[in-house]
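Peer 1: Following this line is data-v9.cif, made up of mmCIF, C-alpha atoms (C1' of nucleotides):
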```
data_protein
#
loop_
_atom_site.label_atom_id
_atom_site.label_comp_id
_atom_site.auth_asym_id
_atom_site.auth_seq_id
_atom_site.Cartn_x
_atom_site.Cartn_y
_atom_site.Cartn_z
CA MET A 34 -57.84 -24.14 22.57
CA SER A 35 -59.58 -20.94 23.43
CA ALA A 36 -62.97 -22.56 23.80
CA THR A 37 -62.18 -23.97 27.22
CA VAL A 38 -64.56 -22.80 29.93
CA ARG A 39 -62.65 -21.42 32.89
CA GLU A 40 -63.50 -22.24 36.47
CA ALA A 41 -65.78 -19.71 38.11
CA PRO A 42 -63.46 -17.01 39.53
CA VAL A 43 -63.95 -15.36 42.87
CA ILE A 44 -65.40 -11.89 42.59
CA LYS A 45 -64.82 -9.72 45.62
CA VAL A 46 -67.62 -7.53 46.84
CA VAL A 47 -66.04 -4.33 48.09
CA PRO A 48 -68.05 -2.76 50.92
CA GLU A 49 -68.44 1.01 50.68
CA PRO A 50 -67.55 3.24 53.63
CA ASP A 51 -69.81 6.19 54.37
CA ASP A 52 -67.41 9.07 53.94
CA LEU A 53 -66.95 8.89 50.18
CA PRO A 54 -67.60 11.60 47.61
CA GLU A 55 -70.98 11.40 45.92
CA PRO A 56 -71.04 9.06 42.91
CA LEU A 57 -71.38 10.64 39.51
CA PRO A 58 -74.84 10.37 37.90
CA GLU A 59 -75.84 6.75 37.34
CA PRO A 60 -79.01 4.70 36.89
CA ALA A 61 -80.65 3.31 40.02
CA VAL A 62 -80.60 -0.45 40.57
CA GLU A 63 -84.24 -0.83 39.61
CA ASP A 64 -83.64 1.10 36.40
CA LEU A 65 -80.89 -1.17 35.12
CA ARG A 66 -81.82 -2.59 31.73
CA LEU A 67 -80.42 -5.85 30.48
CA GLU A 68 -80.20 -4.68 26.87
CA THR A 69 -78.31 -1.56 27.92
CA VAL A 70 -75.88 -3.44 30.13
CA LEU A 71 -75.24 -6.01 27.41
CA GLY A 72 -74.63 -3.20 24.94
CA ALA A 73 -72.08 -1.66 27.26
CA LEU A 74 -70.34 -5.02 27.61
CA SER A 75 -70.35 -5.76 23.89
CA ASP A 76 -67.16 -3.76 23.37
CA PRO A 77 -63.85 -5.57 23.89
CA LEU A 78 -62.15 -2.61 25.53
CA ARG A 79 -64.95 -2.15 28.03
CA LEU A 80 -65.12 -5.87 28.69
CA ARG A 81 -61.42 -5.67 29.44
CA ILE A 82 -61.93 -2.82 31.86
CA VAL A 83 -64.71 -4.57 33.76
CA GLN A 84 -62.86 -7.86 33.86
CA LYS A 85 -59.74 -6.25 35.23
CA LEU A 86 -61.79 -4.51 37.88
CA LEU A 87 -63.41 -7.80 38.84
CA LEU A 88 -60.26 -9.86 38.99
CA GLU A 89 -57.50 -7.52 40.03
CA SER A 90 -58.98 -4.63 41.94
CA GLU A 91 -58.01 -3.90 45.50
CA ALA A 92 -60.28 -2.68 48.27
CA PHE A 93 -60.31 0.82 46.78
CA ASP A 94 -61.50 2.19 43.49
CA HIS A 95 -59.20 2.58 40.55
CA SER A 96 -58.36 5.57 38.48
CA CYS A 97 -58.34 5.57 34.74
CA GLY A 98 -54.58 5.26 34.46
CA TRP A 99 -54.42 2.10 36.57
CA PHE A 100 -55.71 0.03 33.67
CA GLY A 101 -52.69 0.69 31.46
CA LEU A 102 -54.80 1.08 28.35
CA ASP A 103 -53.00 2.35 25.29
CA ARG A 104 -55.60 4.78 24.02
CA PRO A 105 -55.94 8.54 23.98
CA LYS A 106 -57.35 10.02 27.14
CA SER A 107 -60.50 11.24 25.48
CA SER A 108 -61.27 7.74 24.23
CA LEU A 109 -60.97 6.37 27.72
CA THR A 110 -63.29 9.04 29.08
CA HIS A 111 -65.82 7.96 26.49
CA HIS A 112 -65.74 4.30 27.48
CA PHE A 113 -65.74 4.87 31.23
CA LYS A 114 -68.72 7.13 30.80
CA ALA A 115 -70.50 4.49 28.73
CA LEU A 116 -69.97 1.92 31.47
CA ARG A 117 -71.20 4.24 34.17
CA GLU A 118 -74.27 5.38 32.27
CA ALA A 119 -75.22 1.78 31.57
CA GLY A 120 -74.96 1.09 35.30
CA VAL A 121 -72.03 -1.29 35.12
CA THR A 122 -69.59 0.84 37.08
CA ARG A 123 -69.77 3.55 39.69
CA GLN A 124 -67.46 6.55 39.49
CA ARG A 125 -66.40 8.94 42.20
CA GLN A 126 -64.32 12.06 42.01
CA TYR A 127 -61.23 12.08 44.24
CA GLY A 128 -59.60 15.40 43.70
CA LEU A 129 -58.26 15.21 40.22
CA GLU A 130 -58.87 11.54 39.70
CA ARG A 131 -62.14 9.87 38.84
CA ARG A 132 -62.10 6.36 40.19
CA SER A 133 -64.27 3.45 39.16
CA HIS A 134 -65.49 0.17 40.52
CA VAL A 135 -68.00 -2.40 39.34
CA ARG A 136 -71.46 -2.31 40.91
CA VAL A 137 -71.18 -5.95 41.85
CA ALA A 138 -74.05 -6.13 44.32
CA ASP A 139 -76.46 -4.31 42.03
CA LEU A 140 -75.59 -6.36 38.98
CA ASP A 141 -75.69 -9.64 40.87
CA ALA A 142 -79.12 -8.73 42.19
CA ARG A 143 -80.57 -7.87 38.82
CA PHE A 144 -78.60 -10.11 36.46
CA PRO A 145 -77.21 -13.04 38.43
CA GLY A 146 -74.40 -14.80 36.63
CA LEU A 147 -73.58 -11.99 34.26
CA LEU A 148 -70.42 -10.86 36.02
CA GLY A 149 -69.20 -14.44 36.14
CA LEU A 150 -69.27 -14.49 32.36
CA VAL A 151 -67.26 -11.29 32.21
CA ALA A 152 -64.73 -12.64 34.67
CA ALA A 153 -64.34 -15.82 32.63
CA TRP A 154 -64.02 -13.97 29.33
CA THR A 155 -61.02 -14.66 27.14
CA PRO A 156 -59.84 -11.49 25.41
CA PRO A 157 -59.23 -11.70 21.67
CA ASP A 158 -55.66 -11.89 20.43
CA THR A 159 -55.70 -8.35 19.10
CA ALA A 160 -56.40 -6.21 22.10
CA MET B 182 -92.12 -2.99 40.42
CA SER B 183 -90.22 -3.99 37.35
CA ALA B 184 -86.96 -4.58 39.18
CA THR B 185 -88.12 -7.86 40.63
CA VAL B 186 -85.92 -10.79 39.71
CA ARG B 187 -87.95 -13.61 38.26
CA GLU B 188 -87.49 -17.21 39.26
CA ALA B 189 -85.20 -19.12 36.96
CA PRO B 190 -87.40 -20.43 34.13
CA VAL B 191 -87.07 -23.83 32.60
CA ILE B 192 -85.31 -23.75 29.25
CA LYS B 193 -85.96 -26.78 27.13
CA VAL B 194 -83.09 -28.29 25.23
CA VAL B 195 -84.46 -29.50 21.92
CA PRO B 196 -82.58 -32.52 20.60
CA GLU B 197 -81.86 -32.44 16.89
CA PRO B 198 -82.79 -35.37 14.65
CA ASP B 199 -80.36 -36.36 11.96
CA ASP B 200 -82.45 -35.85 8.86
CA LEU B 201 -82.62 -32.08 8.89
CA PRO B 202 -81.53 -29.65 6.19
CA GLU B 203 -78.05 -28.22 6.63
CA PRO B 204 -77.93 -25.17 8.89
CA LEU B 205 -77.15 -21.84 7.26
CA PRO B 206 -73.62 -20.54 7.81
CA GLU B 207 -72.89 -19.96 11.50
CA PRO B 208 -69.89 -19.74 13.82
CA ALA B 209 -68.67 -22.97 15.43
CA VAL B 210 -69.09 -23.40 19.17
CA GLU B 211 -65.44 -22.74 19.85
CA ASP B 212 -65.58 -19.55 17.81
CA LEU B 213 -68.39 -17.98 19.79
CA ARG B 214 -67.27 -14.66 21.23
CA LEU B 215 -68.85 -13.18 24.32
CA GLU B 216 -68.64 -9.62 23.06
CA THR B 217 -70.36 -10.57 19.79
CA VAL B 218 -73.12 -12.51 21.51
CA LEU B 219 -73.73 -9.68 23.94
CA GLY B 220 -73.88 -7.26 21.04
CA ALA B 221 -76.48 -9.38 19.32
CA LEU B 222 -78.52 -9.49 22.52
CA SER B 223 -78.26 -5.76 23.20
CA ASP B 224 -81.19 -5.04 20.90
CA PRO B 225 -84.69 -5.21 22.43
CA LEU B 226 -86.27 -6.78 19.37
CA ARG B 227 -83.66 -9.52 19.20
CA LEU B 228 -83.86 -10.09 22.93
CA ARG B 229 -87.60 -10.53 22.43
CA ILE B 230 -87.04 -13.07 19.68
CA VAL B 231 -84.61 -15.14 21.72
CA GLN B 232 -86.73 -15.00 24.83
CA LYS B 233 -89.83 -16.14 22.96
CA LEU B 234 -87.85 -19.00 21.48
CA LEU B 235 -86.60 -19.98 24.92
CA LEU B 236 -89.93 -19.81 26.69
CA GLU B 237 -92.56 -20.68 24.14
CA SER B 238 -91.01 -22.79 21.43
CA GLU B 239 -92.20 -26.29 20.71
CA ALA B 240 -90.07 -29.25 19.76
CA PHE B 241 -89.62 -27.88 16.24
CA ASP B 242 -88.05 -24.74 14.90
CA HIS B 243 -90.05 -21.65 14.22
CA SER B 244 -90.42 -19.60 11.10
CA CYS B 245 -90.11 -15.90 11.05
CA GLY B 246 -93.86 -15.28 10.99
CA TRP B 247 -94.47 -17.29 14.17
CA PHE B 248 -93.15 -14.44 16.29
CA GLY B 249 -95.88 -12.02 15.33
CA LEU B 250 -93.51 -9.10 15.08
CA ASP B 251 -94.94 -5.96 13.59
CA ARG B 252 -92.03 -4.95 11.39
CA PRO B 253 -91.34 -5.03 7.67
CA LYS B 254 -90.07 -8.33 6.40
CA SER B 255 -86.70 -6.94 5.43
CA SER B 256 -86.14 -5.69 8.96
CA LEU B 257 -86.85 -9.12 10.36
CA THR B 258 -84.44 -10.72 7.93
CA HIS B 259 -81.81 -8.33 9.19
CA HIS B 260 -82.28 -9.21 12.84
CA PHE B 261 -82.55 -12.95 12.34
CA LYS B 262 -79.37 -12.85 10.35
CA ALA B 263 -77.64 -10.87 13.09
CA LEU B 264 -78.62 -13.48 15.67
CA ARG B 265 -77.45 -16.33 13.51
CA GLU B 266 -74.13 -14.74 12.61
CA ALA B 267 -73.43 -14.03 16.27
CA GLY B 268 -74.09 -17.70 17.01
CA VAL B 269 -77.18 -17.21 19.12
CA THR B 270 -79.59 -19.01 16.81
CA ARG B 271 -79.41 -21.71 14.17
CA GLN B 272 -81.41 -21.40 10.98
CA ARG B 273 -82.48 -24.08 8.57
CA GLN B 274 -84.24 -23.84 5.27
CA TYR B 275 -87.50 -25.79 5.03
CA GLY B 276 -88.72 -25.24 1.52
CA LEU B 277 -89.82 -21.66 1.54
CA GLU B 278 -89.47 -21.05 5.22
CA ARG B 279 -86.32 -20.39 7.17
CA ARG B 280 -86.78 -21.62 10.70
CA SER B 281 -84.82 -20.69 13.79
CA HIS B 282 -84.02 -22.06 17.19
CA VAL B 283 -81.65 -21.03 19.96
CA ARG B 284 -78.33 -22.90 20.20
CA VAL B 285 -79.03 -23.70 23.82
CA ALA B 286 -76.42 -26.41 24.32
CA ASP B 287 -73.66 -24.38 22.66
CA LEU B 288 -74.44 -21.21 24.57
CA ASP B 289 -74.79 -23.00 27.89
CA ALA B 290 -71.42 -24.65 27.31
CA ARG B 291 -69.61 -21.42 26.51
CA PHE B 292 -71.55 -18.85 28.52
CA PRO B 293 -73.36 -20.62 31.35
CA GLY B 294 -76.14 -18.55 32.85
CA LEU B 295 -76.50 -16.20 29.91
CA LEU B 296 -79.70 -17.70 28.54
CA GLY B 297 -81.22 -17.62 31.99
CA LEU B 298 -80.83 -13.86 31.97
CA VAL B 299 -82.52 -13.63 28.60
CA ALA B 300 -85.38 -15.83 29.78
CA ALA B 301 -85.86 -13.66 32.87
CA TRP B 302 -85.72 -10.40 30.94
CA THR B 303 -88.57 -7.93 31.32
CA PRO B 304 -89.30 -6.19 28.01
CA PRO B 305 -89.61 -2.40 28.09
CA ASP B 306 -93.08 -0.88 27.97
CA THR B 307 -92.64 0.35 24.42
CA ALA B 308 -92.09 -2.78 22.41
"C1'" DC C 63 -99.61 -21.18 -15.84
"C1'" DA C 64 -100.86 -17.55 -13.01
"C1'" DT C 65 -101.31 -16.14 -8.38
"C1'" DG C 66 -100.12 -15.92 -3.64
"C1'" DC C 67 -96.92 -16.44 -0.03
"C1'" DA C 68 -92.38 -16.66 2.84
"C1'" DG C 69 -88.60 -14.61 2.85
"C1'" DT C 70 -84.12 -12.72 0.74
"C1'" DA C 71 -81.11 -9.15 -1.59
"C1'" DC C 72 -79.99 -4.70 -2.48
"C1'" DG C 73 -79.74 0.04 -1.76
"C1'" DA C 74 -80.76 4.51 0.47
"C1'" DT C 75 -81.52 7.02 4.49
"C1'" DT C 76 -80.96 7.98 9.08
"C1'" DA C 77 -79.12 7.52 13.64
"C1'" DA C 78 -75.78 6.07 16.80
"C1'" DA C 79 -71.26 4.89 18.27
"C1'" DC C 80 -66.26 4.79 18.12
"C1'" DT C 81 -61.90 7.40 17.71
"C1'" DC C 82 -59.26 10.95 18.70
"C1'" DG C 83 -57.18 15.87 18.42
"C1'" DT C 84 -57.34 19.96 20.79
"C1'" DA C 85 -58.43 23.02 24.33
"C1'" DC C 86 -59.50 23.47 28.98
"C1'" DA C 87 -59.91 22.80 34.24
"C1'" DT C 88 -57.87 21.69 38.63
"C1'" DA C 89 -54.85 19.76 42.44
"C1'" DG C 90 -50.33 19.16 44.13
"C1'" DG C 91 -45.53 19.96 44.27
"C1'" DA C 92 -40.89 22.32 43.30
"C1'" DT D 181 -46.30 30.97 41.05
"C1'" DC D 182 -45.40 27.99 37.38
"C1'" DC D 183 -45.34 23.38 35.90
"C1'" DT D 184 -46.97 18.83 35.50
"C1'" DA D 185 -50.24 15.16 35.73
"C1'" DT D 186 -55.07 13.53 35.60
"C1'" DG D 187 -58.87 13.74 33.26
"C1'" DT D 188 -63.02 16.31 31.10
"C1'" DA D 189 -65.56 18.83 27.22
"C1'" DC D 190 -66.29 19.67 22.68
"C1'" DG D 191 -66.25 18.82 18.04
"C1'" DA D 192 -65.07 16.46 13.60
"C1'" DG D 193 -64.35 12.48 10.89
"C1'" DT D 194 -65.25 7.80 10.27
"C1'" DT D 195 -67.58 3.61 10.89
"C1'" DT D 196 -71.23 0.72 12.09
"C1'" DA D 197 -75.93 -0.38 12.72
"C1'" DA D 198 -80.98 0.14 12.28
"C1'" DT D 199 -84.91 0.85 9.31
"C1'" DC D 200 -87.41 -0.02 5.53
"C1'" DG D 201 -89.01 0.35 0.42
"C1'" DT D 202 -88.69 -2.15 -3.65
"C1'" DA D 203 -87.62 -5.82 -6.52
"C1'" DC D 204 -86.78 -10.49 -6.73
"C1'" DT D 205 -86.69 -15.87 -5.94
"C1'" DG D 206 -88.91 -20.20 -5.39
"C1'" DC D 207 -92.56 -23.33 -3.93
"C1'" DA D 208 -97.36 -24.59 -3.74
"C1'" DT D 209 -101.87 -24.53 -5.21
"C1'" DG D 210 -105.73 -23.69 -7.90
#
```
Transcribe the structure of this file into structure tokens.

Peer 2:
Amino acid sequence: MSATVREAPVIKVVPEPDDLPEPLPEPAVEDLRLETVLGALSDPLRLRIVQKLLLESEAFDHSCGWFGLDRPKSSLTHHFKALREAGVTRQRQYGLERRSHVRVADLDARFPGLLGLVAAWTPPDTA
Amino acid sequence: MSATVREAPVIKVVPEPDDLPEPLPEPAVEDLRLETVLGALSDPLRLRIVQKLLLESEAFDHSCGWFGLDRPKSSLTHHFKALREAGVTRQRQYGLERRSHVRVADLDARFPGLLGLVAAWTPPDTA
DNA sequence: CATGCAGTACGATTAAACTCGTACATAGGA
DNA sequence: TCCTATGTACGAGTTTAATCGTACTGCATG
């Protein structure tokens, strides 16, 4: 049954070195709004993106193509931007690529437990 | 500052007697979807409704007027219906009134920690 | 039985979001 | 230098949601 509650997964907190490109514009920690974050996470595709980042990401950020999402490029730009502007992810420009990671520390500080729910999410059949 | 994280509030679980009217149509526990619930909670007015139910409700359900929301009646109907259809609240018909309460046990079982975030939410200045 | 009250149902308007095609910008390699 | 790969910007079409006026239902009370 799909209603089973998974065990709490381990979410890695990736420390940030100092010599990284500046992040793209994003809300400050103290400006994060629960309703905005929930709105950003209320889309299955974006939930998928965040969950994959939480569960499968390495020590470095991940570019848009890493996710293997079968959508036009402009659609992906739209959703990654929505996540960043809501404060869920941070994006940095590495040459041509724009790489993302989840703002785990910030979100845990403001909305403890939220990322656990995302990590435990079961995607719908049609995704 | 508004970024302060509140202490975890106590959320009462209201037991349900047996002799109540049938609930209005709602999704079963196992059909609750995180993305749908988050979507329902991504609206400030609805977040306000749920939070007030969590923090201030008595042992009985509460009718629409109890919330003191300054909106047209038809708007309130819309939002209460949205919450119910997402599975956040349960509504029962008591004669003329339709009373609501949060499905605390169901939501805690499927999305542990979520209601704590709602209870700790700080409403925006303009509300 | 008429009035008031709680709330729904319906429909129109407006605003926002999703989706995606196309054109464009840039870095790196042959 | 030209080509390719990554990804953005812009704009249009479509869909979804919010807002709210109006009309309506049903109970309760005088």

Peer 1: To verify the selection step, state as a list in words which residues the PyMOL selection byres ((chain B) within 8 of (chain C)) yields on this input.

Peer 2: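 Answer for the PyMOL selection byres ((chain B) within 8 of (chain C)): Lys254, Ser255, Thr258, Leu277, Glu278 and Arg279 of chain B.
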
Peer 1: Selection from above, C-alpha atoms, as a PDB file, in the frame of the given file, can you write it?

Peer 2:
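See out_3.pdb below for the written result:
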```
ATOM      1  CA  LYS B 254     -90.070  -8.330   6.400  1.00  0.00           C
ATOM      2  CA  SER B 255     -86.700  -6.940   5.430  1.00  0.00           C
ATOM      3  CA  THR B 258     -84.440 -10.720   7.930  1.00  0.00           C
ATOM      4  CA  LEU B 277     -89.820 -21.660   1.540  1.00  0.00           C
ATOM      5  CA  GLU B 278     -89.470 -21.050   5.220  1.00  0.00           C
ATOM      6  CA  ARG B 279     -86.320 -20.390   7.170  1.00  0.00           C
TER       7      ARG B 279
END
```

Peer 1: Counting all atoms listed in the file, a student should be able to say which residues of chain B come within 8 Å of chain A; what is the right answer, written as a ChimeraX atom specification?

Peer 2: /B:183-186,210-212,215-220,222-225,228,290-295,298,302

Peer 1: For the structure provided, state which residues fall under the PyMOL selection byres ((chain D) within 10 of (chain B)), and present them as a PDB file with C-alpha atoms (C1' of nucleotides), in the frame of the given file.

Peer 2:
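What ended up in result-v9.pdb:
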```pdb
ATOM      1  C1'  DA D 198     -80.980   0.140  12.280  1.00  0.00           C
ATOM      2  C1'  DT D 199     -84.910   0.850   9.310  1.00  0.00           C
ATOM      3  C1'  DC D 200     -87.410  -0.020   5.530  1.00  0.00           C
ATOM      4  C1'  DG D 201     -89.010   0.350   0.420  1.00  0.00           C
ATOM      5  C1'  DT D 205     -86.690 -15.870  -5.940  1.00  0.00           C
ATOM      6  C1'  DG D 206     -88.910 -20.200  -5.390  1.00  0.00           C
ATOM      7  C1'  DC D 207     -92.560 -23.330  -3.930  1.00  0.00           C
ATOM      8  C1'  DA D 208     -97.360 -24.590  -3.740  1.00  0.00           C
TER       9       DA D 208
END
```

Peer 1: For A:Trp99, list every protein, DNA or RNA residue within 12 Å, evaluated using all atoms listed in the file, and leave out those in the same chain fewer than 5 positions away; present the list as a list in words.

Peer 2: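 Neighbouring residues, sequence-local ones excluded: Ile82, Lys85, Leu86, Glu89, Ser90, Glu91, Phe93, Asp94, Leu109, Glu130, Arg131, Arg132, Ser133 and His134 of chain A; DT186 of chain D.
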
Peer 1: What is the distance, in Å and to one decimal place, between atom CA of A:Arg136 and atom C1' of D:DT188?

Peer 2: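 Computed distance, atom CA of A:Arg136 to atom C1' of D:DT188, equals 22.7 Å.
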
Peer 1: For atom CA of A:Thr122 and atom CA of A:Asp141, determine how far apart the two atoms are, in Å to one decimal place.

Peer 2: 12.7 Å

Peer 1: To one decimal place in Å, what is the distance between atom CA of A:Phe113 and atom CA of B:Leu296?

Peer 2: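 Straight-line distance from atom CA of A:Phe113 to atom CA of B:Leu296 works out to 26.7 Å.
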